[in-house]
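The file model-v9.cif contains mmCIF, C-alpha atoms:
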data_structure
loop_
_atom_site.group_PDB
_atom_site.id
_atom_site.type_symbol
_atom_site.label_atom_id
_atom_site.label_comp_id
_atom_site.auth_asym_id
_atom_site.auth_seq_id
_atom_site.Cartn_x
_atom_site.Cartn_y
_atom_site.Cartn_z
ATOM 1 C CA GLU P 269 -8.391 -32.567 -41.162
ATOM 2 C CA VAL P 270 -11.181 -30.435 -42.532
ATOM 3 C CA SER P 271 -11.613 -26.975 -41.042
ATOM 4 C CA ASN P 272 -14.928 -25.493 -39.929
ATOM 5 C CA SER P 273 -16.820 -28.750 -39.663
ATOM 6 C CA LEU P 274 -20.104 -29.245 -37.841
ATOM 7 C CA ARG P 275 -20.701 -32.071 -35.366
ATOM 8 C CA PHE P 276 -24.026 -33.878 -35.743
ATOM 9 C CA ASP P 277 -25.098 -36.035 -32.789
ATOM 10 C CA ASN P 278 -27.973 -38.398 -33.475
ATOM 11 C CA GLY P 279 -28.531 -38.686 -29.713
ATOM 12 C CA SER P 280 -29.587 -35.027 -29.583
ATOM 13 C CA SER P 281 -31.303 -34.911 -33.010
ATOM 14 C CA ASP P 282 -29.008 -32.279 -34.516
ATOM 15 C CA TYR P 283 -29.659 -31.227 -38.108
ATOM 16 C CA LEU P 284 -29.863 -28.102 -40.256
ATOM 17 C CA SER P 285 -32.966 -27.148 -42.214
ATOM 18 C CA ARG P 286 -34.021 -24.636 -44.836
ATOM 19 C CA THR P 287 -37.039 -24.231 -47.070
ATOM 20 C CA PRO P 288 -36.258 -22.221 -50.206
ATOM 21 C CA SER P 289 -38.278 -18.993 -50.503
ATOM 22 C CA SER P 290 -38.856 -19.675 -54.187
ATOM 23 C CA THR P 291 -38.558 -22.685 -56.459
ATOM 24 C CA SER P 292 -35.499 -22.855 -58.689
ATOM 25 C CA ASN P 293 -34.061 -25.634 -60.859
ATOM 26 C CA ARG P 294 -35.550 -28.930 -59.691
ATOM 27 C CA LYS P 295 -34.059 -30.954 -62.569
ATOM 28 C CA THR P 296 -30.363 -30.055 -62.322
ATOM 29 C CA TRP P 297 -28.330 -29.600 -59.126
ATOM 30 C CA THR P 298 -25.211 -30.807 -57.314
ATOM 31 C CA TRP P 299 -24.696 -31.508 -53.614
ATOM 32 C CA SER P 300 -21.172 -31.830 -52.186
ATOM 33 C CA ALA P 301 -19.874 -32.386 -48.650
ATOM 34 C CA TRP P 302 -16.954 -33.738 -46.688
ATOM 35 C CA VAL P 303 -18.303 -36.202 -44.115
ATOM 36 C CA LYS P 304 -16.877 -38.254 -41.292
ATOM 37 C CA ARG P 305 -18.993 -40.894 -39.581
ATOM 38 C CA ALA P 306 -18.955 -41.090 -35.784
ATOM 39 C CA ASN P 307 -20.419 -44.574 -35.701
ATOM 40 C CA ILE P 308 -21.262 -47.169 -38.294
ATOM 41 C CA SER P 309 -23.958 -49.775 -38.914
ATOM 42 C CA ALA P 310 -26.874 -47.336 -38.670
ATOM 43 C CA ASN P 311 -28.901 -45.324 -41.180
ATOM 44 C CA HIS P 312 -27.450 -41.802 -41.266
ATOM 45 C CA VAL P 313 -28.867 -39.236 -43.695
ATOM 46 C CA MET P 314 -26.547 -36.595 -45.108
ATOM 47 C CA ILE P 315 -29.153 -34.633 -47.103
ATOM 48 C CA GLY P 316 -32.896 -35.002 -47.376
ATOM 49 C CA ALA P 317 -35.720 -33.020 -48.971
ATOM 50 C CA ARG P 318 -39.404 -33.775 -48.666
ATOM 51 C CA ILE P 319 -42.484 -32.250 -50.243
ATOM 52 C CA ASP P 320 -44.770 -35.046 -48.994
ATOM 53 C CA ALA P 321 -44.881 -38.842 -48.704
ATOM 54 C CA ASN P 322 -44.974 -39.169 -52.516
ATOM 55 C CA ASP P 323 -42.182 -36.719 -53.339
ATOM 56 C CA ASN P 324 -38.959 -36.901 -51.341
ATOM 57 C CA THR P 325 -35.291 -37.686 -51.679
ATOM 58 C CA PHE P 326 -32.285 -38.437 -49.513
ATOM 59 C CA LEU P 327 -28.679 -39.588 -49.561
ATOM 60 C CA ARG P 328 -27.538 -41.649 -46.596
ATOM 61 C CA PHE P 329 -25.127 -44.162 -45.180
ATOM 62 C CA ASN P 330 -27.144 -47.356 -44.777
ATOM 63 C CA SER P 331 -26.990 -49.658 -41.787
ATOM 64 C CA ASP P 332 -25.106 -52.150 -43.994
ATOM 65 C CA ASN P 333 -22.446 -49.407 -44.552
ATOM 66 C CA THR P 334 -23.316 -48.817 -48.212
ATOM 67 C CA ILE P 335 -24.415 -45.441 -49.540
ATOM 68 C CA TYR P 336 -28.056 -45.281 -50.532
ATOM 69 C CA PHE P 337 -29.705 -42.673 -52.781
ATOM 70 C CA LYS P 338 -33.492 -42.580 -52.950
ATOM 71 C CA LEU P 339 -35.535 -40.331 -55.204
ATOM 72 C CA LYS P 340 -39.316 -40.696 -54.909
ATOM 73 C CA ILE P 341 -41.388 -38.725 -57.413
ATOM 74 C CA GLY P 342 -45.153 -39.047 -57.736
ATOM 75 C CA GLY P 343 -45.098 -42.073 -55.455
ATOM 76 C CA THR P 344 -42.535 -43.981 -57.568
ATOM 77 C CA SER P 345 -39.222 -44.687 -55.835
ATOM 78 C CA LYS P 346 -35.902 -44.923 -57.620
ATOM 79 C CA GLU P 347 -33.278 -46.424 -55.309
ATOM 80 C CA SER P 348 -29.552 -47.011 -55.740
ATOM 81 C CA TYR P 349 -27.074 -48.756 -53.431
ATOM 82 C CA THR P 350 -23.295 -48.751 -53.732
ATOM 83 C CA ASN P 351 -21.349 -51.998 -53.687
ATOM 84 C CA GLN P 352 -18.543 -50.255 -51.834
ATOM 85 C CA LEU P 353 -18.720 -50.261 -48.032
ATOM 86 C CA PHE P 354 -17.888 -47.273 -45.814
ATOM 87 C CA ARG P 355 -16.834 -48.606 -42.413
ATOM 88 C CA ASP P 356 -13.964 -46.299 -41.470
ATOM 89 C CA SER P 357 -15.151 -43.934 -38.737
ATOM 90 C CA SER P 358 -11.722 -42.254 -38.664
ATOM 91 C CA ALA P 359 -11.803 -41.211 -42.354
ATOM 92 C CA TRP P 360 -13.198 -38.132 -44.049
ATOM 93 C CA TYR P 361 -15.120 -38.978 -47.236
ATOM 94 C CA HIS P 362 -15.880 -36.443 -49.929
ATOM 95 C CA LEU P 363 -19.281 -37.086 -51.524
ATOM 96 C CA VAL P 364 -20.733 -35.416 -54.591
ATOM 97 C CA LEU P 365 -24.250 -36.190 -55.802
ATOM 98 C CA ALA P 366 -24.799 -34.607 -59.231
ATOM 99 C CA VAL P 367 -28.303 -34.739 -60.708
ATOM 100 C CA ASP P 368 -29.527 -33.725 -64.160
ATOM 101 C CA THR P 369 -32.808 -35.361 -65.142
ATOM 102 C CA THR P 370 -32.739 -33.630 -68.548
ATOM 103 C CA GLN P 371 -30.040 -36.067 -69.721
ATOM 104 C CA ALA P 372 -31.157 -38.447 -72.484
ATOM 105 C CA THR P 373 -28.855 -41.214 -71.222
ATOM 106 C CA GLU P 374 -30.465 -42.701 -68.126
ATOM 107 C CA SER P 375 -27.200 -43.364 -66.226
ATOM 108 C CA ASN P 376 -26.217 -39.683 -66.621
ATOM 109 C CA ARG P 377 -29.292 -38.461 -64.714
ATOM 110 C CA PHE P 378 -27.464 -38.855 -61.437
ATOM 111 C CA LYS P 379 -23.800 -39.364 -60.682
ATOM 112 C CA LEU P 380 -22.188 -40.126 -57.365
ATOM 113 C CA TYR P 381 -18.534 -39.328 -56.669
ATOM 114 C CA ILE P 382 -16.599 -40.482 -53.629
ATOM 115 C CA ASN P 383 -13.156 -39.059 -52.942
ATOM 116 C CA GLY P 384 -12.831 -37.774 -56.492
ATOM 117 C CA GLU P 385 -13.858 -40.988 -58.250
ATOM 118 C CA GLN P 386 -17.223 -41.594 -59.919
ATOM 119 C CA VAL P 387 -19.073 -44.591 -58.503
ATOM 120 C CA THR P 388 -19.933 -46.956 -61.344
ATOM 121 C CA SER P 389 -20.581 -50.126 -59.350
ATOM 122 C CA PHE P 390 -23.975 -50.348 -57.685
ATOM 123 C CA SER P 391 -25.582 -53.450 -56.198
ATOM 124 C CA SER P 392 -28.838 -51.928 -57.376
ATOM 125 C CA SER P 393 -29.475 -48.753 -59.341
ATOM 126 C CA ALA P 394 -32.550 -46.990 -60.688
ATOM 127 C CA TYR P 395 -32.630 -43.648 -62.425
ATOM 128 C CA PRO P 396 -35.298 -40.938 -62.497
ATOM 129 C CA ALA P 397 -37.433 -40.371 -65.553
ATOM 130 C CA GLN P 398 -36.162 -37.862 -68.077
ATOM 131 C CA ASP P 399 -37.078 -34.266 -67.125
ATOM 132 C CA ALA P 400 -38.407 -35.304 -63.703
ATOM 133 C CA ASP P 401 -38.726 -32.543 -61.108
ATOM 134 C CA THR P 402 -37.012 -33.561 -57.862
ATOM 135 C CA PRO P 403 -37.911 -32.237 -54.387
ATOM 136 C CA ILE P 404 -34.555 -30.414 -54.262
ATOM 137 C CA ASN P 405 -34.923 -26.663 -54.892
ATOM 138 C CA SER P 406 -38.710 -26.748 -54.431
ATOM 139 C CA SER P 407 -40.218 -23.995 -52.272
ATOM 140 C CA SER P 408 -42.634 -26.687 -51.011
ATOM 141 C CA SER P 409 -39.762 -28.817 -49.692
ATOM 142 C CA GLU P 410 -37.935 -28.548 -46.409
ATOM 143 C CA HIS P 411 -34.268 -29.352 -47.074
ATOM 144 C CA ARG P 412 -32.357 -30.950 -44.223
ATOM 145 C CA ILE P 413 -28.663 -31.523 -43.739
ATOM 146 C CA GLY P 414 -28.206 -34.462 -41.384
ATOM 147 C CA ASP P 415 -31.812 -35.754 -41.431
ATOM 148 C CA ASP P 416 -34.742 -36.713 -43.665
ATOM 149 C CA GLU P 417 -37.704 -36.527 -41.221
ATOM 150 C CA THR P 418 -37.829 -40.308 -40.612
ATOM 151 C CA PRO P 419 -35.621 -39.659 -38.455
ATOM 152 C CA ASN P 420 -32.289 -41.055 -39.562
ATOM 153 C CA ILE P 421 -30.178 -38.377 -37.895
ATOM 154 C CA PHE P 422 -26.589 -38.186 -39.099
ATOM 155 C CA ASP P 423 -23.965 -39.017 -36.467
ATOM 156 C CA GLY P 424 -20.613 -37.505 -37.329
ATOM 157 C CA TYR P 425 -19.054 -34.448 -38.907
ATOM 158 C CA MET P 426 -19.734 -32.496 -42.093
ATOM 159 C CA ALA P 427 -17.767 -29.681 -43.679
ATOM 160 C CA GLU P 428 -17.887 -27.613 -46.854
ATOM 161 C CA VAL P 429 -21.501 -28.557 -47.552
ATOM 162 C CA VAL P 430 -22.589 -27.072 -50.883
ATOM 163 C CA LEU P 431 -25.781 -27.215 -52.956
ATOM 164 C CA VAL P 432 -25.288 -25.852 -56.467
ATOM 165 C CA ASP P 433 -28.472 -24.899 -58.312
ATOM 166 C CA GLY P 434 -28.733 -25.491 -62.054
ATOM 167 C CA GLN P 435 -25.471 -27.351 -62.707
ATOM 168 C CA GLN P 436 -24.451 -31.019 -62.688
ATOM 169 C CA LEU P 437 -20.826 -30.748 -61.549
ATOM 170 C CA ASP P 438 -18.208 -33.428 -61.068
ATOM 171 C CA ALA P 439 -15.925 -33.837 -58.060
ATOM 172 C CA THR P 440 -13.149 -31.665 -59.527
ATOM 173 C CA SER P 441 -15.335 -28.609 -58.874
ATOM 174 C CA PHE P 442 -14.833 -29.207 -55.131
ATOM 175 C CA GLY P 443 -11.503 -30.993 -54.698
ATOM 176 C CA GLU P 444 -8.275 -32.198 -56.268
ATOM 177 C CA PHE P 445 -5.685 -34.911 -55.933
ATOM 178 C CA ASP P 446 -2.584 -33.722 -54.074
ATOM 179 C CA GLU P 447 0.390 -33.706 -56.461
ATOM 180 C CA ASP P 448 2.751 -35.189 -53.866
ATOM 181 C CA SER P 449 0.618 -37.665 -51.932
ATOM 182 C CA GLY P 450 -2.115 -38.457 -54.455
ATOM 183 C CA ILE P 451 -4.699 -37.972 -51.683
ATOM 184 C CA TRP P 452 -8.041 -36.333 -52.561
ATOM 185 C CA LYS P 453 -8.312 -32.950 -50.784
ATOM 186 C CA PRO P 454 -10.558 -29.866 -50.779
#

Translate the structure described by the file into C-alpha cells.
Amino acid sequence: EVSNSLRFDNGSSDYLSRTPSSTSNRKTWTWSAWVKRANISANHVMIGARIDANDNTFLRFNSDNTIYFKLKIGGTSKESYTNQLFRDSSAWYHLVLAVDTTQATESNRFKLYINGEQVTSFSSSAYPAQDADTPINSSSSEHRIGDDETPNIFDGYMAEVVLVDGQQLDATSFGEFDEDSGIWKP
C-alpha cells in the first residue's frame, strides 16, 4: 500500500495542472511517482507538458500495455517504447523518468527506472538532441499530472509524485529494496 494516493478517473476527466511562474532548468529534471492502473489496454498519461503542437512531452501507459515516452521539440518527435508489458492492475509500479540533455552520450539523455531497475530494453528508442530544451519547467508550458491535453486521462492511482528541477536522479533517490523481502519500496 502507498499512503496519500490520489485517484484519477478517466470517466470524469480528473487531472492536476500547473504552469510554472518562471522558467527553470529545461534540460535536466527528474519525475518520479508510484502508480497503480485501474484498467489496462488504454492510453493513460502520467505526466504531460505542452508549449504548443511542436513542443510537448508525455510519459504514458500505451494501449498495448507498454510504457511510452515522447519528447517533441521544434516539431521533431523522439519516441521510446518499452519491451516490458504492464498488465497488472493490482500492482503499484514506481516510475522514474530522469532527463539530462546535456549528456554527451545519447542514451544518457533520458533514463527510465521501473521498480528500482533501469529499463535498458526498448522496442524502439530515440533520444533528444544534446542540450535540447524540453517543455518541462517552461513558464510557457502547462504541466499536467494524469493528462496531456489529447486527452489520454490516467485511470488509476498515483502517490508521491515528484518533479525535481536541475538534477538527473536515479531510482534510489526515491525508494529502496527492502532488506528482508527484496521488494522495492518508498

(request) Please provide as a list in words all residues within 6 Å of Arg294 in chain P, with the sequence filter that same-chain residues fewer than 2 positions apart are discarded (counting all atoms listed in the file). (result)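 What passes the distance filter is Thr296, Asp401, Thr402, Ile404 and Asn405 of chain P.
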
(request) Compare P:Leu284, P:Leu437, P:Ala306, P:Leu353 by their minimum atom-to-atom distance to Phe378 in chain P, counting all atoms listed in the file, and give me the closest one. (result) P:Leu437

(request) Have a look at CA of Phe442 in chain P and CA of Ala366 in chain P and let me know their distance in Å, one decimal. (result)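 For CA of Phe442 in chain P relative to CA of Ala366 in chain P, the distance reads 12.1 Å.
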
(request) Using the chain letters and residue numbers of this document, give as a PyMOL selection string the residues selected by the PyMOL selection byres ((chain P and resi 358-363) around 8). (result) chain P and resi 269+300-306+356-357+364-365+380-384

(request) Identify, on the basis of only C-alpha atoms, every residue whose closest approach to His411 in chain P does not exceed 9 Å; exclude the query and any residue fewer than 4 positions from it along the same chain; express the result as a PyMOL selection string. (result) chain P and resi 284-288+315-318+403-406+415-416

Please dump the current selection as a compact mmCIF listing (two decimals), keeping the file's coordinate frame; keep C-alpha atoms.
# COMPACT_ATOMS: atom_id res chain seq x y z
CA LEU P 284 -29.86 -28.10 -40.26
CA SER P 285 -32.97 -27.15 -42.21
CA ARG P 286 -34.02 -24.64 -44.84
CA THR P 287 -37.04 -24.23 -47.07
CA PRO P 288 -36.26 -22.22 -50.21
CA ILE P 315 -29.15 -34.63 -47.10
CA GLY P 316 -32.90 -35.00 -47.38
CA ALA P 317 -35.72 -33.02 -48.97
CA ARG P 318 -39.40 -33.78 -48.67
CA PRO P 403 -37.91 -32.24 -54.39
CA ILE P 404 -34.56 -30.41 -54.26
CA ASN P 405 -34.92 -26.66 -54.89
CA SER P 406 -38.71 -26.75 -54.43
CA ASP P 415 -31.81 -35.75 -41.43
CA ASP P 416 -34.74 -36.71 -43.66

(request) Excluding range 319-327 of chain P and residues on its chain fewer than 6 positions from it, collect all residues at most 9 Å away from it, counting only C-alpha atoms, and give them as a PyMOL selection string. (result) chain P and resi 312-313+335-345+365+402-404+406-410+415-416

(message) Quick check on the file I pasted: which residues fall under the PyMOL selection byres ((chain P and resi 275) around 10)? Write them as a ChimeraX atom specification.
(response) /P:272-274,276-278,282-283,303-306,414,422-427

(request) Translate the PyMOL selection byres ((chain P and resi 390-398) around 6), as applied to the file shown, into an explicit residue set as number ranges by chain. (result) P: 346-351, 369-370, 389, 399-400

Would you mind exporting C-alpha atoms of the selected residues as a CSV table (one decimal), keeping the file's coordinate frame?
chain,number,residue,atom,x,y,z
P,346,LYS,CA,-35.9,-44.9,-57.6
P,347,GLU,CA,-33.3,-46.4,-55.3
P,348,SER,CA,-29.6,-47.0,-55.7
P,349,TYR,CA,-27.1,-48.8,-53.4
P,350,THR,CA,-23.3,-48.8,-53.7
P,351,ASN,CA,-21.3,-52.0,-53.7
P,369,THR,CA,-32.8,-35.4,-65.1
P,370,THR,CA,-32.7,-33.6,-68.5
P,389,SER,CA,-20.6,-50.1,-59.4
P,399,ASP,CA,-37.1,-34.3,-67.1
P,400,ALA,CA,-38.4,-35.3,-63.7

(message) Using only C-alpha atoms, can you tell me which of P:Ser289, P:Ser309, P:Asn376, P:Gln371 comes closest to Ser331 in chain P?
(response)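 Going through P:Ser289, P:Ser309, P:Asn376, P:Gln371 one by one, the smallest distance to Ser331 in chain P is for P:Ser309.
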
(request) Measuring atom to atom with only C-alpha atoms, identify which of P:Ser290, P:Thr298, P:Ser375, P:Ser281 is nearest to Gln436 in chain P. (result)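 Looking at the shortest contact to Gln436 in chain P, the residue is P:Thr298.
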
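Each of P:Gly450, P:Ala439, P:Phe445, P:Val430 was compared to Lys379 in chain P using only C-alpha atoms, and P:Ala439 turns out to be the nearest.
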
(request) Quick one: pull the distance between CA of Lys295 in chain P and CA of Asp368 in chain P, Å, one decimal. (result) 5.5 Å

Enclosing box along x, y and z for every listed atom of range 359-375 of chain P, padded 4 Å each side, centre and size in Å, one decimal, as AutoDock Vina command-line options:
--center_x -22.3 --center_y -38.5 --center_z -57.4 --size_x 29.0 --size_y 17.7 --size_z 38.1

(request) Measuring atom to atom with all atoms listed in the file, identify which of P:Ile451, P:Asn330, P:Thr291, P:Gln435 is nearest to Arg377 in chain P. (result)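 Using all atoms listed in the file, Arg377 in chain P sits closest to P:Gln435.
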
(message) Here is a test: counting all atoms listed in the file, which residue of P:Arg412, P:Ala372, P:Asn307, P:Gly279 is nearest to Leu431 in chain P?
(response)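 So, comparing all the options, the nearest one is P:Arg412.
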
(request) Work out how far apart CA of Asp438 in chain P and CA of Thr418 in chain P are and give it in Å to one decimal. (result)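 We find that CA of Asp438 in chain P and CA of Thr418 in chain P lie 29.2 Å from each other.
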
(message) Neighbouring residues of Phe354 in chain P were defined as those with any atom within 8 Å, considering only C-alpha atoms; residues of the same chain fewer than 4 positions away were excluded. Please report them as number ranges by chain.
(response) P: 329, 333-335

Completion step: range 302-313 of chain P with all heavy atoms as a PDB file, in the frame of the given file:
ATOM      1  N   TRP P 302     -17.944 -32.881 -47.337  1.00  0.00           N
ATOM      2  CA  TRP P 302     -16.954 -33.738 -46.688  1.00  0.00           C
ATOM      3  C   TRP P 302     -17.622 -34.265 -45.434  1.00  0.00           C
ATOM      4  O   TRP P 302     -18.181 -33.498 -44.644  1.00  0.00           O
ATOM      5  CB  TRP P 302     -15.694 -32.936 -46.345  1.00  0.00           C
ATOM      6  CG  TRP P 302     -14.918 -32.578 -47.575  1.00  0.00           C
ATOM      7  CD1 TRP P 302     -15.140 -31.514 -48.412  1.00  0.00           C
ATOM      8  CD2 TRP P 302     -13.815 -33.293 -48.117  1.00  0.00           C
ATOM      9  NE1 TRP P 302     -14.239 -31.533 -49.444  1.00  0.00           N
ATOM     10  CE2 TRP P 302     -13.411 -32.615 -49.287  1.00  0.00           C
ATOM     11  CE3 TRP P 302     -13.129 -34.444 -47.734  1.00  0.00           C
ATOM     12  CZ2 TRP P 302     -12.352 -33.046 -50.073  1.00  0.00           C
ATOM     13  CZ3 TRP P 302     -12.070 -34.877 -48.514  1.00  0.00           C
ATOM     14  CH2 TRP P 302     -11.695 -34.185 -49.665  1.00  0.00           C
ATOM     15  N   VAL P 303     -17.614 -35.584 -45.248  1.00  0.00           N
ATOM     16  CA  VAL P 303     -18.303 -36.202 -44.115  1.00  0.00           C
ATOM     17  C   VAL P 303     -17.386 -37.190 -43.402  1.00  0.00           C
ATOM     18  O   VAL P 303     -16.526 -37.821 -44.017  1.00  0.00           O
ATOM     19  CB  VAL P 303     -19.610 -36.915 -44.550  1.00  0.00           C
ATOM     20  CG1 VAL P 303     -20.582 -35.933 -45.170  1.00  0.00           C
ATOM     21  CG2 VAL P 303     -19.337 -38.050 -45.500  1.00  0.00           C
ATOM     22  N   LYS P 304     -17.598 -37.287 -42.122  1.00  0.00           N
ATOM     23  CA  LYS P 304     -16.877 -38.254 -41.292  1.00  0.00           C
ATOM     24  C   LYS P 304     -17.895 -38.879 -40.350  1.00  0.00           C
ATOM     25  O   LYS P 304     -18.567 -38.171 -39.594  1.00  0.00           O
ATOM     26  CB  LYS P 304     -15.768 -37.554 -40.496  1.00  0.00           C
ATOM     27  CG  LYS P 304     -14.960 -38.495 -39.639  1.00  0.00           C
ATOM     28  CD  LYS P 304     -13.857 -37.733 -38.911  1.00  0.00           C
ATOM     29  CE  LYS P 304     -13.063 -38.657 -38.028  1.00  0.00           C
ATOM     30  NZ  LYS P 304     -12.055 -37.931 -37.248  1.00  0.00           N
ATOM     31  N   ARG P 305     -18.024 -40.175 -40.413  1.00  0.00           N
ATOM     32  CA  ARG P 305     -18.993 -40.894 -39.581  1.00  0.00           C
ATOM     33  C   ARG P 305     -18.473 -41.052 -38.158  1.00  0.00           C
ATOM     34  O   ARG P 305     -17.301 -41.365 -37.960  1.00  0.00           O
ATOM     35  CB  ARG P 305     -19.268 -42.271 -40.168  1.00  0.00           C
ATOM     36  CG  ARG P 305     -19.804 -42.215 -41.584  1.00  0.00           C
ATOM     37  CD  ARG P 305     -20.019 -43.578 -42.158  1.00  0.00           C
ATOM     38  NE  ARG P 305     -21.248 -44.150 -41.588  1.00  0.00           N
ATOM     39  CZ  ARG P 305     -21.648 -45.387 -41.799  1.00  0.00           C
ATOM     40  NH1 ARG P 305     -20.932 -46.208 -42.553  1.00  0.00           N
ATOM     41  NH2 ARG P 305     -22.767 -45.820 -41.269  1.00  0.00           N
ATOM     42  N   ALA P 306     -19.347 -40.883 -37.181  1.00  0.00           N
ATOM     43  CA  ALA P 306     -18.955 -41.090 -35.784  1.00  0.00           C
ATOM     44  C   ALA P 306     -19.211 -42.530 -35.349  1.00  0.00           C
ATOM     45  O   ALA P 306     -18.535 -43.038 -34.472  1.00  0.00           O
ATOM     46  CB  ALA P 306     -19.698 -40.126 -34.863  1.00  0.00           C
ATOM     47  N   ASN P 307     -20.207 -43.147 -35.942  1.00  0.00           N
ATOM     48  CA  ASN P 307     -20.419 -44.574 -35.701  1.00  0.00           C
ATOM     49  C   ASN P 307     -20.943 -45.193 -36.982  1.00  0.00           C
ATOM     50  O   ASN P 307     -21.397 -44.500 -37.889  1.00  0.00           O
ATOM     51  CB  ASN P 307     -21.333 -44.826 -34.489  1.00  0.00           C
ATOM     52  CG  ASN P 307     -22.771 -44.461 -34.732  1.00  0.00           C
ATOM     53  OD1 ASN P 307     -23.375 -44.906 -35.695  1.00  0.00           O
ATOM     54  ND2 ASN P 307     -23.343 -43.659 -33.849  1.00  0.00           N
ATOM     55  N   ILE P 308     -20.856 -46.478 -37.077  1.00  0.00           N
ATOM     56  CA  ILE P 308     -21.262 -47.169 -38.294  1.00  0.00           C
ATOM     57  C   ILE P 308     -22.403 -48.123 -37.987  1.00  0.00           C
ATOM     58  O   ILE P 308     -22.839 -48.251 -36.848  1.00  0.00           O
ATOM     59  CB  ILE P 308     -20.066 -47.922 -38.942  1.00  0.00           C
ATOM     60  CG1 ILE P 308     -19.477 -48.943 -37.973  1.00  0.00           C
ATOM     61  CG2 ILE P 308     -19.001 -46.939 -39.384  1.00  0.00           C
ATOM     62  CD1 ILE P 308     -18.421 -49.838 -38.596  1.00  0.00           C
ATOM     63  N   SER P 309     -22.896 -48.769 -39.013  1.00  0.00           N
ATOM     64  CA  SER P 309     -23.958 -49.775 -38.914  1.00  0.00           C
ATOM     65  C   SER P 309     -25.290 -49.183 -38.447  1.00  0.00           C
ATOM     66  O   SER P 309     -26.028 -49.808 -37.688  1.00  0.00           O
ATOM     67  CB  SER P 309     -23.533 -50.926 -38.008  1.00  0.00           C
ATOM     68  OG  SER P 309     -22.360 -51.525 -38.524  1.00  0.00           O
ATOM     69  N   ALA P 310     -25.572 -47.967 -38.910  1.00  0.00           N
ATOM     70  CA  ALA P 310     -26.874 -47.336 -38.670  1.00  0.00           C
ATOM     71  C   ALA P 310     -27.202 -46.478 -39.889  1.00  0.00           C
ATOM     72  O   ALA P 310     -26.316 -46.090 -40.640  1.00  0.00           O
ATOM     73  CB  ALA P 310     -26.834 -46.488 -37.408  1.00  0.00           C
ATOM     74  N   ASN P 311     -28.481 -46.204 -40.089  1.00  0.00           N
ATOM     75  CA  ASN P 311     -28.901 -45.324 -41.180  1.00  0.00           C
ATOM     76  C   ASN P 311     -28.625 -43.883 -40.783  1.00  0.00           C
ATOM     77  O   ASN P 311     -29.162 -43.416 -39.774  1.00  0.00           O
ATOM     78  CB  ASN P 311     -30.388 -45.497 -41.482  1.00  0.00           C
ATOM     79  CG  ASN P 311     -30.706 -46.859 -42.051  1.00  0.00           C
ATOM     80  OD1 ASN P 311     -29.872 -47.497 -42.677  1.00  0.00           O
ATOM     81  ND2 ASN P 311     -31.924 -47.306 -41.849  1.00  0.00           N
ATOM     82  N   HIS P 312     -27.804 -43.194 -41.553  1.00  0.00           N
ATOM     83  CA  HIS P 312     -27.450 -41.802 -41.266  1.00  0.00           C
ATOM     84  C   HIS P 312     -27.597 -40.968 -42.525  1.00  0.00           C
ATOM     85  O   HIS P 312     -26.820 -41.106 -43.469  1.00  0.00           O
ATOM     86  CB  HIS P 312     -26.015 -41.698 -40.746  1.00  0.00           C
ATOM     87  CG  HIS P 312     -25.834 -42.304 -39.405  1.00  0.00           C
ATOM     88  ND1 HIS P 312     -24.722 -43.032 -39.072  1.00  0.00           N
ATOM     89  CD2 HIS P 312     -26.616 -42.298 -38.305  1.00  0.00           C
ATOM     90  CE1 HIS P 312     -24.829 -43.440 -37.831  1.00  0.00           C
ATOM     91  NE2 HIS P 312     -25.975 -43.012 -37.344  1.00  0.00           N
ATOM     92  N   VAL P 313     -28.582 -40.077 -42.542  1.00  0.00           N
ATOM     93  CA  VAL P 313     -28.867 -39.236 -43.695  1.00  0.00           C
ATOM     94  C   VAL P 313     -27.919 -38.045 -43.729  1.00  0.00           C
ATOM     95  O   VAL P 313     -27.705 -37.378 -42.726  1.00  0.00           O
ATOM     96  CB  VAL P 313     -30.329 -38.752 -43.664  1.00  0.00           C
ATOM     97  CG1 VAL P 313     -30.587 -37.702 -44.728  1.00  0.00           C
ATOM     98  CG2 VAL P 313     -31.267 -39.933 -43.854  1.00  0.00           C
TER      99      VAL P 313
END
